[in-house]
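Peer 1: Sharing a structure with you now.
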Amino acid sequence: IGTYLLSTAYGVTIRGEYMYASTAAGIQKAALKDNLFDPNNWQTLNISSSDFDINEIEIRELCLFENNICFMANKSGIYYLNANDEVRTLLKRNDLKGMKLEAGYLIPHSSSTIFLYESISKSETKNLGVVNGISSLTNNGDFWVASGENGLMGYKRKAANQYEVFVSDLNINGPKRNLPYHMVMHGEKLLVVGGGQSAAGRFWNSGTLMVYENEEWTNFNEREVSQEKGYGANDYMDVAVDPNDENHYFVSCFGEGIIEIKDNKFVELYNHLNTDALQAVNVPREDPRRYVRVCGVTFDKEGNLWATNSEVNNGIVRRSPEGKWESFHFQALTTSYEVDKILITSGGDKWVNVPRSRTTGGVG
């Protein structure tokens with residue numbers, strides 16, 4: 001359908017002698033006896049009216065439930081087509097994340113709540129904390145919920161609006177998200193940060209630090225930063241391991257400065273507010289806490305932490321083992337949008353990569 005009918009098709013279902021498809025043009029319908037490869041055999045259903053606030057191009061999931069074509073429209077809710085293809089409202093909400101047909105139930109869900117429909121006219125609502133997805137293997141009322149960092153949760157429906165947890169915090173050991181940006185090896189330990197930025201600006205990727213060692217993954221909980229500081233840190237760019245403590249890390253952020261982590265716990269966030277060395281980019285009317293752009297971090301053999309600070313007067317920063325901060329001015333770096341990774345040779349020379357400079361880029 002996506003190839004012959006439209007450029008984008010999201011889902012299909014069959015009712016009687018007809019196939020229904022949710023597409024970039026809305027819901028389309030064709031008779032199964034006809035040639036489905038011929039676009040002329042498909043008709044676009046008119047589901048818009050003054051009675052419904054439906055954005056047809058935002059229709060995604062659809063399924064057959066009690067002989068009704070149920071569909072979800074992003075930021076609108078759940079609707080259905082009755083036997084005469086007339087539109088009816090089932091659930092009016094703008095925060096729904098998905099809709100599943102599981103074990104005879106129709107289950108729309110938000111990021112925290114499921115709406116369980118036994119029939120078109122009978123439903124119940126249950127807040128489960130975190131809901132990224134829901135599935136059921138049987139018809140006995142057992143449901144499995146993907147609960148983010150809470151892991152996999154198992155719920156048994158005992159009666160209407162009564163649920164019992166029979167499995168909780170089931171986590172499969174692995175990286176917390178598919179977001180690799182930069183990798184660092186320290187002995188037998190692999191450290192992966194998931195951030196990023198480009199010439200157009202920062203990515204605002206979730207703060208991600210994932211460590212693989214002894215065939216196990218350890219994932220840093222980036223929410224500890226916001227819980228402690230009142231705001232989070234995004235776009236982790238690099239990570240340096242303390243040569244005197246392999247469980248002591250410093251992570252650079254393209255916007256929030258440098259995060260100190262020890263034994264996988266947040267220690268401190270360093271920026272222009274609590275150091276004399278790190279500086280924020282001067283952007284009028286913007287929050288300077290979001291413009292402390294640090295790309296590279298590394299240690300020398302004396303235990304000093306070195307970092308790069310982009311778009312500021314002093315582009316190189318050093319933190320001593322005792323915690324003293326200082327910065328260094330290099331005229332060639334003051335106009336650089338991105339002062340990137342820093343490499344220290346065995347002789348103590350510092351090499352800095354400058355891939356995006358307003359004047360000239362390179363290594364220096």
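Letters A, B, ... mark the chains of the structure tokens in the order given; residue numbers begin at 1 per chain; ligand numbers begin at 1, in order shown.
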Would you mind listing what lies within 12 Å of Asn68 in chain A as a list in words, with only C-alpha atoms counted and same-chain residues fewer than 5 positions away left out?
Peer 2: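 Once the adjacent positions are removed, what remains is Thr13, Ile14, Arg15, Gly16, Tyr20, Leu62, Cys63, Ile78, Tyr79, Tyr80, Leu81, Asn82, Ala83, Asn84, Asp85, Glu86, Val87, Arg88, Thr89, Leu90, Leu106, Ser119 and Ile120 of chain A.
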Peer 1: Just the residues within 9 Å of Leu191 in chain A, please, counting only C-alpha atoms, with nothing from its chain fewer than 6 positions along; format it as a ChimeraX atom specification.
Peer 2: /A:182-185,209-213,239
Peer 1: Go ahead and save the picked residues with all heavy atoms, as a PDB file, in the first residue's frame.
Peer 2:
```
ATOM      1  N   HIS A 182      29.512   8.840  21.371  1.00  0.00           N
ATOM      2  CA  HIS A 182      30.966   8.733  21.485  1.00  0.00           C
ATOM      3  C   HIS A 182      31.305   7.611  22.460  1.00  0.00           C
ATOM      4  O   HIS A 182      30.590   7.406  23.449  1.00  0.00           O
ATOM      5  CB  HIS A 182      31.559  10.064  21.983  1.00  0.00           C
ATOM      6  CG  HIS A 182      33.051  10.071  22.083  1.00  0.00           C
ATOM      7  ND1 HIS A 182      33.875   9.941  20.984  1.00  0.00           N
ATOM      8  CD2 HIS A 182      33.876  10.175  23.157  1.00  0.00           C
ATOM      9  CE1 HIS A 182      35.140   9.974  21.382  1.00  0.00           C
ATOM     10  NE2 HIS A 182      35.165  10.118  22.691  1.00  0.00           N
ATOM     11  N   MET A 183      32.365   6.871  22.155  1.00  0.00           N
ATOM     12  CA  MET A 183      32.776   5.751  23.003  1.00  0.00           C
ATOM     13  C   MET A 183      34.208   5.942  23.477  1.00  0.00           C
ATOM     14  O   MET A 183      35.052   6.444  22.743  1.00  0.00           O
ATOM     15  CB  MET A 183      32.666   4.422  22.249  1.00  0.00           C
ATOM     16  CG  MET A 183      31.254   4.083  21.793  1.00  0.00           C
ATOM     17  SD  MET A 183      31.124   2.404  21.108  1.00  0.00           S
ATOM     18  CE  MET A 183      32.251   2.522  19.708  1.00  0.00           C
ATOM     19  N   VAL A 184      34.463   5.527  24.722  1.00  0.00           N
ATOM     20  CA  VAL A 184      35.797   5.609  25.319  1.00  0.00           C
ATOM     21  C   VAL A 184      36.120   4.268  25.937  1.00  0.00           C
ATOM     22  O   VAL A 184      35.284   3.677  26.637  1.00  0.00           O
ATOM     23  CB  VAL A 184      35.858   6.714  26.399  1.00  0.00           C
ATOM     24  CG1 VAL A 184      37.182   6.676  27.143  1.00  0.00           C
ATOM     25  CG2 VAL A 184      35.626   8.086  25.773  1.00  0.00           C
ATOM     26  N   MET A 185      37.318   3.747  25.677  1.00  0.00           N
ATOM     27  CA  MET A 185      37.787   2.515  26.312  1.00  0.00           C
ATOM     28  C   MET A 185      38.739   2.863  27.440  1.00  0.00           C
ATOM     29  O   MET A 185      39.631   3.690  27.292  1.00  0.00           O
ATOM     30  CB  MET A 185      38.511   1.613  25.307  1.00  0.00           C
ATOM     31  CG  MET A 185      37.603   0.908  24.323  1.00  0.00           C
ATOM     32  SD  MET A 185      36.452  -0.266  25.089  1.00  0.00           S
ATOM     33  CE  MET A 185      37.565  -1.374  25.960  1.00  0.00           C
ATOM     34  N   LEU A 209      24.765   8.003  29.818  1.00  0.00           N
ATOM     35  CA  LEU A 209      26.063   7.386  30.077  1.00  0.00           C
ATOM     36  C   LEU A 209      25.821   5.908  30.349  1.00  0.00           C
ATOM     37  O   LEU A 209      25.118   5.546  31.288  1.00  0.00           O
ATOM     38  CB  LEU A 209      26.772   8.025  31.269  1.00  0.00           C
ATOM     39  CG  LEU A 209      28.058   7.320  31.729  1.00  0.00           C
ATOM     40  CD1 LEU A 209      29.123   7.368  30.633  1.00  0.00           C
ATOM     41  CD2 LEU A 209      28.584   7.920  33.021  1.00  0.00           C
ATOM     42  N   MET A 210      26.419   5.042  29.503  1.00  0.00           N
ATOM     43  CA  MET A 210      26.251   3.597  29.612  1.00  0.00           C
ATOM     44  C   MET A 210      27.637   2.956  29.675  1.00  0.00           C
ATOM     45  O   MET A 210      28.498   3.258  28.855  1.00  0.00           O
ATOM     46  CB  MET A 210      25.456   3.066  28.415  1.00  0.00           C
ATOM     47  CG  MET A 210      24.133   3.783  28.211  1.00  0.00           C
ATOM     48  SD  MET A 210      23.234   3.304  26.702  1.00  0.00           S
ATOM     49  CE  MET A 210      24.257   4.080  25.420  1.00  0.00           C
ATOM     50  N   VAL A 211      27.835   2.083  30.652  1.00  0.00           N
ATOM     51  CA  VAL A 211      29.151   1.474  30.876  1.00  0.00           C
ATOM     52  C   VAL A 211      29.035  -0.041  30.766  1.00  0.00           C
ATOM     53  O   VAL A 211      28.164  -0.651  31.399  1.00  0.00           O
ATOM     54  CB  VAL A 211      29.708   1.859  32.263  1.00  0.00           C
ATOM     55  CG1 VAL A 211      31.081   1.230  32.469  1.00  0.00           C
ATOM     56  CG2 VAL A 211      29.782   3.380  32.403  1.00  0.00           C
ATOM     57  N   TYR A 212      29.900  -0.636  29.943  1.00  0.00           N
ATOM     58  CA  TYR A 212      29.916  -2.095  29.751  1.00  0.00           C
ATOM     59  C   TYR A 212      31.219  -2.667  30.312  1.00  0.00           C
ATOM     60  O   TYR A 212      32.308  -2.281  29.900  1.00  0.00           O
ATOM     61  CB  TYR A 212      29.799  -2.442  28.275  1.00  0.00           C
ATOM     62  CG  TYR A 212      29.736  -3.923  27.996  1.00  0.00           C
ATOM     63  CD1 TYR A 212      28.609  -4.670  28.329  1.00  0.00           C
ATOM     64  CD2 TYR A 212      30.807  -4.587  27.395  1.00  0.00           C
ATOM     65  CE1 TYR A 212      28.538  -6.032  28.065  1.00  0.00           C
ATOM     66  CE2 TYR A 212      30.746  -5.941  27.129  1.00  0.00           C
ATOM     67  CZ  TYR A 212      29.610  -6.661  27.471  1.00  0.00           C
ATOM     68  OH  TYR A 212      29.557  -8.011  27.216  1.00  0.00           O
ATOM     69  N   GLU A 213      31.087  -3.573  31.276  1.00  0.00           N
ATOM     70  CA  GLU A 213      32.253  -4.189  31.903  1.00  0.00           C
ATOM     71  C   GLU A 213      31.854  -5.548  32.460  1.00  0.00           C
ATOM     72  O   GLU A 213      30.770  -5.701  33.027  1.00  0.00           O
ATOM     73  CB  GLU A 213      32.785  -3.291  33.021  1.00  0.00           C
ATOM     74  CG  GLU A 213      34.072  -3.773  33.658  1.00  0.00           C
ATOM     75  CD  GLU A 213      34.573  -2.836  34.737  1.00  0.00           C
ATOM     76  OE1 GLU A 213      33.756  -2.097  35.313  1.00  0.00           O
ATOM     77  OE2 GLU A 213      35.788  -2.834  34.998  1.00  0.00           O
ATOM     78  N   VAL A 239      33.509  11.477  27.950  1.00  0.00           N
ATOM     79  CA  VAL A 239      33.653  11.019  29.327  1.00  0.00           C
ATOM     80  C   VAL A 239      35.121  10.714  29.590  1.00  0.00           C
ATOM     81  O   VAL A 239      35.827  10.175  28.733  1.00  0.00           O
ATOM     82  CB  VAL A 239      32.772   9.780  29.609  1.00  0.00           C
ATOM     83  CG1 VAL A 239      33.063   8.644  28.642  1.00  0.00           C
ATOM     84  CG2 VAL A 239      32.915   9.317  31.049  1.00  0.00           C
TER      85      VAL A 239
END
```
Peer 1: Which polymer residues have any atom within 8 Å of an atom of Val294 in chain A, counting only C-alpha atoms, with same-chain residues fewer than 5 positions away left out, as a ChimeraX atom specification?
Peer 2: /A:237,252-258,307-310,339-340
Peer 1: Just the selected residues (N, CA, C and O atoms), exported as a compact mmCIF listing (two decimals), in the first residue's frame, please.
Peer 2:
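Result file is part-v4.txt:
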```
# COMPACT_ATOMS: atom_id res chain seq x y z
N MET A 237 28.74 14.61 25.71
CA MET A 237 29.64 14.62 24.56
C MET A 237 30.86 13.73 24.72
O MET A 237 31.37 13.17 23.76
N SER A 252 31.26 15.52 29.89
CA SER A 252 31.03 16.84 29.33
C SER A 252 29.66 16.92 28.68
O SER A 252 29.14 15.94 28.14
N CYS A 253 29.06 18.11 28.73
CA CYS A 253 27.73 18.35 28.15
C CYS A 253 27.81 19.57 27.24
O CYS A 253 28.42 20.57 27.59
N PHE A 254 27.14 19.49 26.09
CA PHE A 254 27.13 20.63 25.19
C PHE A 254 26.01 21.59 25.59
O PHE A 254 25.01 21.74 24.91
N GLY A 255 26.23 22.21 26.75
CA GLY A 255 25.24 23.17 27.22
C GLY A 255 25.24 23.36 28.72
O GLY A 255 25.01 24.46 29.20
N GLU A 256 25.49 22.29 29.47
CA GLU A 256 25.38 22.39 30.93
C GLU A 256 26.71 22.27 31.66
O GLU A 256 26.73 22.31 32.89
N GLY A 257 27.81 22.10 30.96
CA GLY A 257 29.11 22.05 31.63
C GLY A 257 29.65 20.65 31.79
O GLY A 257 29.66 19.85 30.84
N ILE A 258 30.08 20.31 33.00
CA ILE A 258 30.72 19.03 33.28
C ILE A 258 30.06 18.38 34.49
O ILE A 258 29.86 19.02 35.53
N ALA A 307 39.64 20.09 29.79
CA ALA A 307 38.37 20.17 29.07
C ALA A 307 38.41 21.31 28.07
O ALA A 307 39.21 22.24 28.19
N THR A 308 37.55 21.21 27.07
CA THR A 308 37.41 22.28 26.08
C THR A 308 36.09 23.01 26.31
O THR A 308 35.08 22.40 26.64
N ASN A 309 36.12 24.32 26.13
CA ASN A 309 34.95 25.17 26.38
C ASN A 309 34.73 26.02 25.13
O ASN A 309 35.55 26.87 24.81
N SER A 310 33.63 25.79 24.43
CA SER A 310 33.41 26.40 23.12
C SER A 310 32.80 27.79 23.19
O SER A 310 32.03 28.11 24.11
N VAL A 339 34.92 23.69 20.00
CA VAL A 339 36.25 23.23 20.40
C VAL A 339 36.03 21.82 20.92
O VAL A 339 35.50 21.62 22.01
N ASP A 340 36.41 20.84 20.15
CA ASP A 340 35.94 19.47 20.37
C ASP A 340 36.88 18.68 21.28
O ASP A 340 37.29 19.15 22.32
```
Peer 1: So, counting only C-alpha atoms, which residue among A:Ile69, A:Val251, A:Ala31, A:Leu273 is closest to Pro288 in chain A?
Peer 2: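 Looking only at the distances to Pro288 in chain A, the closest residue turns out to be A:Leu273.
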Peer 1: Where does DSSP see strand (DSSP E) in range 25-90 of chain A, if you list the residues as an MDAnalysis selection string?
Peer 2: chainID A and resid 26:31 43:44 59:65 68:73 77:81 87:90
Peer 1: Using only C-alpha atoms, which protein or nucleic acid residues come within 9 Å of Glu17 in chain A? Drop anything in the same chain fewer than 6 positions from it, and give the result as a list in words.
Peer 2: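 Here the qualifying residues turn out to be Ala30, Ala31, Leu32 and Lys33 of chain A.
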